[in-house]
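Listing of input.pdb, PDB, N, CA and C atoms
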ATOM      1  N   MET A   1     156.470  17.968 196.603
ATOM      2  CA  MET A   1     156.531  19.174 195.791
ATOM      3  C   MET A   1     156.463  20.421 196.669
ATOM      4  N   THR A   2     155.572  20.411 197.665
ATOM      5  CA  THR A   2     155.431  21.575 198.532
ATOM      6  C   THR A   2     156.693  21.807 199.349
ATOM      7  N   GLY A   3     157.331  20.722 199.795
ATOM      8  CA  GLY A   3     158.569  20.851 200.545
ATOM      9  C   GLY A   3     159.675  21.471 199.708
ATOM     10  N   TYR A   4     159.723  21.100 198.440
ATOM     11  CA  TYR A   4     160.729  21.667 197.537
ATOM     12  C   TYR A   4     160.502  23.160 197.339
ATOM     13  N   VAL A   5     159.244  23.537 197.151
ATOM     14  CA  VAL A   5     158.917  24.958 196.951
ATOM     15  C   VAL A   5     159.263  25.759 198.197
ATOM     16  N   LYS A   6     158.926  25.224 199.376
ATOM     17  CA  LYS A   6     159.260  25.916 200.623
ATOM     18  C   LYS A   6     160.767  26.043 200.789
ATOM     19  N   SER A   7     161.492  24.984 200.471
ATOM     20  CA  SER A   7     162.950  25.007 200.572
ATOM     21  C   SER A   7     163.544  26.042 199.622
ATOM     22  N   LEU A   8     163.032  26.073 198.396
ATOM     23  CA  LEU A   8     163.499  27.055 197.415
ATOM     24  C   LEU A   8     163.206  28.466 197.901
ATOM     25  N   TRP A   9     161.998  28.676 198.423
ATOM     26  CA  TRP A   9     161.604  30.001 198.906
ATOM     27  C   TRP A   9     162.516  30.456 200.047
ATOM     28  N   VAL A  10     162.832  29.561 200.988
ATOM     29  CA  VAL A  10     163.700  29.912 202.111
ATOM     30  C   VAL A  10     165.097  30.270 201.619
ATOM     31  N   SER A  11     165.623  29.515 200.646
ATOM     32  CA  SER A  11     166.967  29.818 200.135
ATOM     33  C   SER A  11     166.984  31.138 199.383
ATOM     34  N   ILE A  12     165.909  31.445 198.678
ATOM     35  CA  ILE A  12     165.829  32.727 197.966
ATOM     36  C   ILE A  12     165.754  33.876 198.964
ATOM     37  N   GLN A  13     164.951  33.729 199.996
ATOM     38  CA  GLN A  13     164.793  34.784 200.989
ATOM     39  C   GLN A  13     166.105  35.056 201.729
ATOM     40  N   GLY A  14     166.933  34.029 201.878
ATOM     41  CA  GLY A  14     168.173  34.189 202.610
ATOM     42  C   GLY A  14     169.322  34.723 201.772
ATOM     43  N   ASP A  15     169.094  34.954 200.488
ATOM     44  CA  ASP A  15     170.161  35.410 199.598
ATOM     45  C   ASP A  15     169.925  36.868 199.213
ATOM     46  N   PRO A  16     170.579  37.805 199.909
ATOM     47  CA  PRO A  16     170.329  39.221 199.636
ATOM     48  C   PRO A  16     170.758  39.656 198.233
ATOM     49  N   VAL A  17     171.790  39.031 197.677
ATOM     50  CA  VAL A  17     172.240  39.398 196.332
ATOM     51  C   VAL A  17     171.164  39.042 195.307
ATOM     52  N   PHE A  18     170.584  37.844 195.453
ATOM     53  CA  PHE A  18     169.520  37.436 194.543
ATOM     54  C   PHE A  18     168.324  38.375 194.659
ATOM     55  N   MET A  19     167.933  38.689 195.903
ATOM     56  CA  MET A  19     166.785  39.575 196.110
ATOM     57  C   MET A  19     167.056  40.957 195.532
ATOM     58  N   GLN A  20     168.280  41.442 195.646
ATOM     59  CA  GLN A  20     168.636  42.748 195.088
ATOM     60  C   GLN A  20     168.506  42.723 193.569
ATOM     61  N   ARG A  21     168.971  41.651 192.949
ATOM     62  CA  ARG A  21     168.871  41.539 191.488
ATOM     63  C   ARG A  21     167.422  41.445 191.025
ATOM     64  N   VAL A  22     166.633  40.630 191.715
ATOM     65  CA  VAL A  22     165.218  40.491 191.343
ATOM     66  C   VAL A  22     164.515  41.840 191.450
ATOM     67  N   ASN A  23     164.721  42.531 192.554
ATOM     68  CA  ASN A  23     164.064  43.818 192.739
ATOM     69  C   ASN A  23     164.576  44.858 191.744
ATOM     70  N   GLY A  24     165.839  44.784 191.386
ATOM     71  CA  GLY A  24     166.376  45.693 190.368
ATOM     72  C   GLY A  24     165.720  45.474 189.018
ATOM     73  N   TRP A  25     165.599  44.204 188.614
ATOM     74  CA  TRP A  25     164.967  43.899 187.328
ATOM     75  C   TRP A  25     163.488  44.242 187.338
ATOM     76  N   LEU A  26     162.805  44.015 188.450
ATOM     77  CA  LEU A  26     161.393  44.395 188.541
ATOM     78  C   LEU A  26     161.228  45.914 188.443
ATOM     79  N   THR A  27     162.144  46.655 189.023
ATOM     80  CA  THR A  27     162.097  48.115 188.920
ATOM     81  C   THR A  27     162.252  48.559 187.478
ATOM     82  N   ILE A  28     163.228  47.984 186.784
ATOM     83  CA  ILE A  28     163.433  48.324 185.371
ATOM     84  C   ILE A  28     162.189  47.959 184.550
ATOM     85  N   PHE A  29     161.608  46.797 184.827
ATOM     86  CA  PHE A  29     160.404  46.363 184.121
ATOM     87  C   PHE A  29     159.272  47.370 184.297
ATOM     88  N   TRP A  30     159.023  47.786 185.549
ATOM     89  CA  TRP A  30     157.908  48.695 185.797
ATOM     90  C   TRP A  30     158.181  50.094 185.252
ATOM     91  N   ILE A  31     159.433  50.515 185.222
ATOM     92  CA  ILE A  31     159.758  51.806 184.595
ATOM     93  C   ILE A  31     159.481  51.724 183.095
ATOM     94  N   ALA A  32     159.841  50.600 182.478
ATOM     95  CA  ALA A  32     159.576  50.418 181.046
ATOM     96  C   ALA A  32     158.078  50.332 180.767
ATOM     97  N   MET A  33     157.310  49.867 181.729
ATOM     98  CA  MET A  33     155.868  49.731 181.533
ATOM     99  C   MET A  33     155.140  51.071 181.523
ATOM    100  N   ILE A  34     155.739  52.120 182.046
ATOM    101  CA  ILE A  34     155.072  53.428 182.073
ATOM    102  C   ILE A  34     154.751  53.912 180.662
ATOM    103  N   PRO A  35     155.755  54.051 179.772
ATOM    104  CA  PRO A  35     155.403  54.517 178.422
ATOM    105  C   PRO A  35     154.569  53.503 177.635
ATOM    106  N   ILE A  36     154.791  52.215 177.899
ATOM    107  CA  ILE A  36     153.995  51.187 177.219
ATOM    108  C   ILE A  36     152.520  51.317 177.628
ATOM    109  N   SER A  37     152.291  51.529 178.921
ATOM    110  CA  SER A  37     150.919  51.680 179.411
ATOM    111  C   SER A  37     150.233  52.895 178.809
ATOM    112  N   ILE A  38     150.972  53.975 178.660
ATOM    113  CA  ILE A  38     150.405  55.195 178.068
ATOM    114  C   ILE A  38     150.142  54.985 176.583
ATOM    115  N   ALA A  39     151.115  54.389 175.879
ATOM    116  CA  ALA A  39     150.989  54.199 174.429
ATOM    117  C   ALA A  39     149.855  53.243 174.066
ATOM    118  N   THR A  40     149.646  52.224 174.862
ATOM    119  CA  THR A  40     148.606  51.237 174.543
ATOM    120  C   THR A  40     147.231  51.633 175.079
ATOM    121  N   GLY A  41     147.189  52.648 175.911
ATOM    122  CA  GLY A  41     145.921  53.073 176.482
ATOM    123  C   GLY A  41     145.516  52.283 177.705
ATOM    124  N   TRP A  42     146.390  51.378 178.176
ATOM    125  CA  TRP A  42     146.075  50.589 179.361
ATOM    126  C   TRP A  42     145.872  51.488 180.578
ATOM    127  N   ILE A  43     146.527  52.631 180.576
ATOM    128  CA  ILE A  43     146.465  53.544 181.712
ATOM    129  C   ILE A  43     145.026  54.008 181.976
ATOM    130  N   ASN A  44     144.177  53.926 180.959
ATOM    131  CA  ASN A  44     142.774  54.317 181.103
ATOM    132  C   ASN A  44     141.886  53.167 181.567
ATOM    133  N   SER A  45     142.453  51.982 181.718
ATOM    134  CA  SER A  45     141.694  50.802 182.130
ATOM    135  C   SER A  45     141.632  50.724 183.654
ATOM    136  N   ILE A  46     140.430  50.655 184.175
ATOM    137  CA  ILE A  46     140.250  50.548 185.629
ATOM    138  C   ILE A  46     140.869  49.253 186.144
ATOM    139  N   THR A  47     140.724  48.179 185.385
ATOM    140  CA  THR A  47     141.282  46.885 185.786
ATOM    141  C   THR A  47     142.810  46.972 185.883
ATOM    142  N   TYR A  48     143.418  47.622 184.895
ATOM    143  CA  TYR A  48     144.882  47.757 184.885
ATOM    144  C   TYR A  48     145.349  48.595 186.074
ATOM    145  N   VAL A  49     144.713  49.716 186.307
ATOM    146  CA  VAL A  49     145.108  50.590 187.416
ATOM    147  C   VAL A  49     144.872  49.891 188.756
ATOM    148  N   ALA A  50     143.768  49.148 188.863
ATOM    149  CA  ALA A  50     143.508  48.405 190.098
ATOM    150  C   ALA A  50     144.572  47.334 190.317
ATOM    151  N   SER A  51     144.968  46.661 189.259
ATOM    152  CA  SER A  51     146.021  45.643 189.356
ATOM    153  C   SER A  51     147.341  46.260 189.799
ATOM    154  N   LEU A  52     147.670  47.415 189.228
ATOM    155  CA  LEU A  52     148.897  48.105 189.638
ATOM    156  C   LEU A  52     148.827  48.514 191.102
ATOM    157  N   SER A  53     147.664  48.960 191.526
ATOM    158  CA  SER A  53     147.501  49.360 192.929
ATOM    159  C   SER A  53     147.700  48.164 193.861
ATOM    160  N   LEU A  54     147.133  47.031 193.482
ATOM    161  CA  LEU A  54     147.319  45.824 194.294
ATOM    162  C   LEU A  54     148.780  45.401 194.324
ATOM    163  N   TRP A  55     149.446  45.464 193.174
ATOM    164  CA  TRP A  55     150.868  45.113 193.128
ATOM    165  C   TRP A  55     151.682  46.053 194.016
ATOM    166  N   ALA A  56     151.361  47.345 193.966
ATOM    167  CA  ALA A  56     152.079  48.317 194.795
ATOM    168  C   ALA A  56     151.875  48.005 196.276
ATOM    169  N   LEU A  57     150.657  47.643 196.632
ATOM    170  CA  LEU A  57     150.357  47.309 198.014
ATOM    171  C   LEU A  57     151.146  46.084 198.465
ATOM    172  N   VAL A  58     151.112  45.038 197.665
ATOM    173  CA  VAL A  58     151.815  43.799 198.012
ATOM    174  C   VAL A  58     153.326  44.034 198.079
ATOM    175  N   SER A  59     153.882  44.691 197.075
ATOM    176  CA  SER A  59     155.336  44.887 197.062
ATOM    177  C   SER A  59     155.788  45.813 198.189
ATOM    178  N   GLY A  60     154.969  46.795 198.539
ATOM    179  CA  GLY A  60     155.311  47.673 199.658
ATOM    180  C   GLY A  60     155.353  46.919 200.976
ATOM    181  N   HIS A  61     154.348  46.079 201.210
ATOM    182  CA  HIS A  61     154.335  45.293 202.444
ATOM    183  C   HIS A  61     155.456  44.262 202.454
ATOM    184  N   TRP A  62     155.751  43.681 201.295
ATOM    185  CA  TRP A  62     156.842  42.717 201.211
ATOM    186  C   TRP A  62     158.167  43.396 201.558
ATOM    187  N   SER A  63     158.386  44.588 201.043
ATOM    188  CA  SER A  63     159.616  45.328 201.333
ATOM    189  C   SER A  63     159.719  45.642 202.820
ATOM    190  N   ALA A  64     158.615  46.067 203.411
ATOM    191  CA  ALA A  64     158.626  46.374 204.847
ATOM    192  C   ALA A  64     158.908  45.114 205.659
ATOM    193  N   TRP A  65     158.344  43.985 205.228
ATOM    194  CA  TRP A  65     158.577  42.728 205.926
ATOM    195  C   TRP A  65     160.051  42.333 205.843
ATOM    196  N   GLN A  66     160.648  42.484 204.664
ATOM    197  CA  GLN A  66     162.067  42.159 204.491
ATOM    198  C   GLN A  66     162.932  43.041 205.391
ATOM    199  N   ALA A  67     162.614  44.333 205.440
ATOM    200  CA  ALA A  67     163.377  45.250 206.291
ATOM    201  C   ALA A  67     163.234  44.863 207.761
ATOM    202  N   ALA A  68     162.041  44.484 208.161
ATOM    203  CA  ALA A  68     161.815  44.079 209.552
ATOM    204  C   ALA A  68     162.591  42.810 209.887
ATOM    205  N   ARG A  69     162.675  41.886 208.925
ATOM    206  CA  ARG A  69     163.450  40.661 209.151
ATOM    207  C   ARG A  69     164.909  40.996 209.422
ATOM    208  N   VAL A  70     165.450  41.923 208.663
ATOM    209  CA  VAL A  70     166.849  42.328 208.851
ATOM    210  C   VAL A  70     167.031  42.973 210.213
ATOM    211  N   GLU A  71     166.094  43.825 210.603
ATOM    212  CA  GLU A  71     166.196  44.478 211.905
ATOM    213  C   GLU A  71     166.136  43.462 213.039
ATOM    214  N   VAL A  72     165.299  42.453 212.910
ATOM    215  CA  VAL A  72     165.200  41.411 213.936
ATOM    216  C   VAL A  72     166.525  40.660 214.047
ATOM    217  N   LEU A  73     167.119  40.316 212.898
ATOM    218  CA  LEU A  73     168.410  39.618 212.921
ATOM    219  C   LEU A  73     169.493  40.493 213.545
ATOM    220  N   GLN A  74     169.487  41.787 213.223
ATOM    221  CA  GLN A  74     170.469  42.700 213.802
ATOM    222  C   GLN A  74     170.291  42.809 215.314
ATOM    223  N   LYS A  75     169.042  42.856 215.766
ATOM    224  CA  LYS A  75     168.774  42.949 217.197
ATOM    225  C   LYS A  75     169.250  41.691 217.918
ATOM    226  N   LYS A  76     168.977  40.533 217.332
ATOM    227  CA  LYS A  76     169.423  39.273 217.947
ATOM    228  C   LYS A  76     170.948  39.223 218.036
ATOM    229  N   GLU A  77     171.618  39.671 216.986
ATOM    230  CA  GLU A  77     173.086  39.690 216.983
ATOM    231  C   GLU A  77     173.619  40.641 218.047
ATOM    232  N   ALA A  78     172.989  41.815 218.179
ATOM    233  CA  ALA A  78     173.417  42.778 219.198
ATOM    234  C   ALA A  78     173.196  42.208 220.601
ATOM    235  N   GLU A  79     172.070  41.524 220.808
ATOM    236  CA  GLU A  79     171.803  40.912 222.119
ATOM    237  C   GLU A  79     172.795  39.803 222.417
ATOM    238  N   ARG A  80     173.166  39.036 221.383
ATOM    239  CA  ARG A  80     174.147  37.972 221.580
ATOM    240  C   ARG A  80     175.499  38.552 221.970
ATOM    241  N   LYS A  81     175.899  39.626 221.291
ATOM    242  CA  LYS A  81     177.186  40.252 221.611
ATOM    243  C   LYS A  81     177.173  40.884 222.998
ATOM    244  N   ALA A  82     176.037  41.467 223.364
ATOM    245  CA  ALA A  82     175.934  42.083 224.693
ATOM    246  C   ALA A  82     176.004  41.027 225.786
ATOM    247  N   ALA A  83     175.517  39.837 225.506
ATOM    248  CA  ALA A  83     175.524  38.765 226.497
ATOM    249  C   ALA A  83     176.922  38.190 226.715
ATOM    250  N   GLU A  84     177.789  38.376 225.738
ATOM    251  CA  GLU A  84     179.148  37.869 225.893
ATOM    252  C   GLU A  84     179.878  38.715 226.928
ATOM    253  N   ASP A  85     180.655  38.063 227.756
ATOM    254  CA  ASP A  85     181.420  38.763 228.790
ATOM    255  C   ASP A  85     182.841  38.959 228.286
ATOM    256  N   MET A  86     183.004  39.893 227.361
ATOM    257  CA  MET A  86     184.310  40.105 226.743
ATOM    258  C   MET A  86     185.351  40.558 227.774
ATOM    259  N   ALA A  87     184.976  41.504 228.633
ATOM    260  CA  ALA A  87     185.940  41.997 229.630
ATOM    261  C   ALA A  87     186.356  40.873 230.577
ATOM    262  N   GLY A  88     185.399  40.079 231.008
ATOM    263  CA  GLY A  88     185.715  38.961 231.898
ATOM    264  C   GLY A  88     186.609  37.942 231.232
ATOM    265  N   GLU A  89     186.382  37.676 229.961
ATOM    266  CA  GLU A  89     187.221  36.731 229.225
ATOM    267  C   GLU A  89     188.654  37.249 229.109
ATOM    268  N   ILE A  90     188.806  38.542 228.885
ATOM    269  CA  ILE A  90     190.143  39.130 228.764
ATOM    270  C   ILE A  90     190.877  39.036 230.100
ATOM    271  N   VAL A  91     190.191  39.342 231.188
ATOM    272  CA  VAL A  91     190.813  39.254 232.515
ATOM    273  C   VAL A  91     191.230  37.823 232.810
ATOM    274  N   ASP A  92     190.365  36.872 232.531
ATOM    275  CA  ASP A  92     190.697  35.461 232.763
ATOM    276  C   ASP A  92     191.928  35.054 231.960
ATOM    277  N   ARG A  93     192.012  35.487 230.723
ATOM    278  CA  ARG A  93     193.152  35.126 229.883
ATOM    279  C   ARG A  93     194.441  35.772 230.388
ATOM    280  N   VAL A  94     194.367  37.029 230.812
ATOM    281  CA  VAL A  94     195.550  37.706 231.356
ATOM    282  C   VAL A  94     196.033  36.991 232.612
ATOM    283  N   VAL A  95     195.116  36.590 233.468
ATOM    284  CA  VAL A  95     195.483  35.889 234.700
ATOM    285  C   VAL A  95     196.140  34.551 234.374
ATOM    286  N   GLN A  96     195.602  33.843 233.387
ATOM    287  CA  GLN A  96     196.147  32.541 233.023
ATOM    288  C   GLN A  96     197.527  32.656 232.378
ATOM    289  N   GLU A  97     197.750  33.692 231.592
ATOM    290  CA  GLU A  97     198.980  33.769 230.804
ATOM    291  C   GLU A  97     200.088  34.593 231.450
ATOM    292  N   THR A  98     199.835  35.179 232.595
ATOM    293  CA  THR A  98     200.886  35.990 233.233
ATOM    294  C   THR A  98     201.141  35.474 234.646
ATOM    295  N   THR A  99     202.287  35.854 235.139
ATOM    296  CA  THR A  99     202.625  35.500 236.524
ATOM    297  C   THR A  99     203.006  36.794 237.240
ATOM    298  N   VAL A 100     202.758  36.822 238.500
ATOM    299  CA  VAL A 100     203.083  37.985 239.319
ATOM    300  C   VAL A 100     204.154  37.533 240.316
ATOM    301  N   GLU A 101     205.254  38.233 240.284
ATOM    302  CA  GLU A 101     206.347  37.903 241.201
ATOM    303  C   GLU A 101     206.654  39.106 242.068
ATOM    304  N   LYS A 102     206.991  38.834 243.308
ATOM    305  CA  LYS A 102     207.302  39.898 244.236
ATOM    306  C   LYS A 102     208.696  40.407 243.975
ATOM    307  N   GLN A 103     208.831  41.715 243.879
ATOM    308  CA  GLN A 103     210.154  42.299 243.659
ATOM    309  C   GLN A 103     210.696  42.818 244.983
ATOM    310  N   GLY A 104     211.976  42.810 245.077
ATOM    311  CA  GLY A 104     212.516  43.486 246.215
ATOM    312  C   GLY A 104     213.311  42.726 247.101
TER     313      GLY A 104
END

Would you put the structure from the file into structure tokens?
Amino acid sequence: MTGYVKSLWVSIQGDPVFMQRVNGWLTIFWIAMIPISIATGWINSITYVASLSLWALVSGHWSAWQAARVEVLQKKEAERKAAEDMAGEIVDRVVQETTVEKQG
């Protein structure tokens, strides 16, 4: 069971479209909760406000972690591209595919 949950979590984390949709729906949910919280009086509850504060803390750190993951992947890709010897490969291919003949 734990392996399945970990596998599901990894596939969800790797799908930016899914994460965008989830975060979009959560945003809409929390925007809708503003007037509901005021109308029901929950906004005056210390427990409710503390819970919202904890959620804000967790979601903020989660967002920063996701952004950092993307930056790490971008850095690795840039390092991989920098390590490639593109100019050397082009020269080797030109040498292989052309011939030089003396004129005159």

For this session: Can you work out the spacing between atom CA of Lys81 of chain A and atom N of Val95 of chain A in Å, to one decimal?
Result: 21.8 Å

Draw an axis-aligned box over all listed atoms of segment 74-78 of chain A, pad each side with 5 Å, and write its centre and edge lengths in Å, one decimal, as AutoDock Vina command-line options.
--center_x 171.2 --center_y 41.1 --center_z 216.9 --size_x 14.8 --size_y 13.7 --size_z 17.4

Exercise. How many Å separate atom N of Arg69 of chain A from atom CA of Asp15 of chain A?
Worked result: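 Distance reported for this atom pair: 13.6 Å.
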
Problem set entry | For atom CA of Leu52 of chain A and atom CA of Ser37 of chain A, the interatomic separation in Å (one decimal) |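 These two atoms are separated by 11.0 Å.
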
For this session: Would you mind listing what lies within 12 Å of Met19 of chain A as a ChimeraX atom specification, with only C-alpha atoms counted and same-chain residues fewer than 5 positions away left out?
Result: /A:9-14,24-26,62-63,66
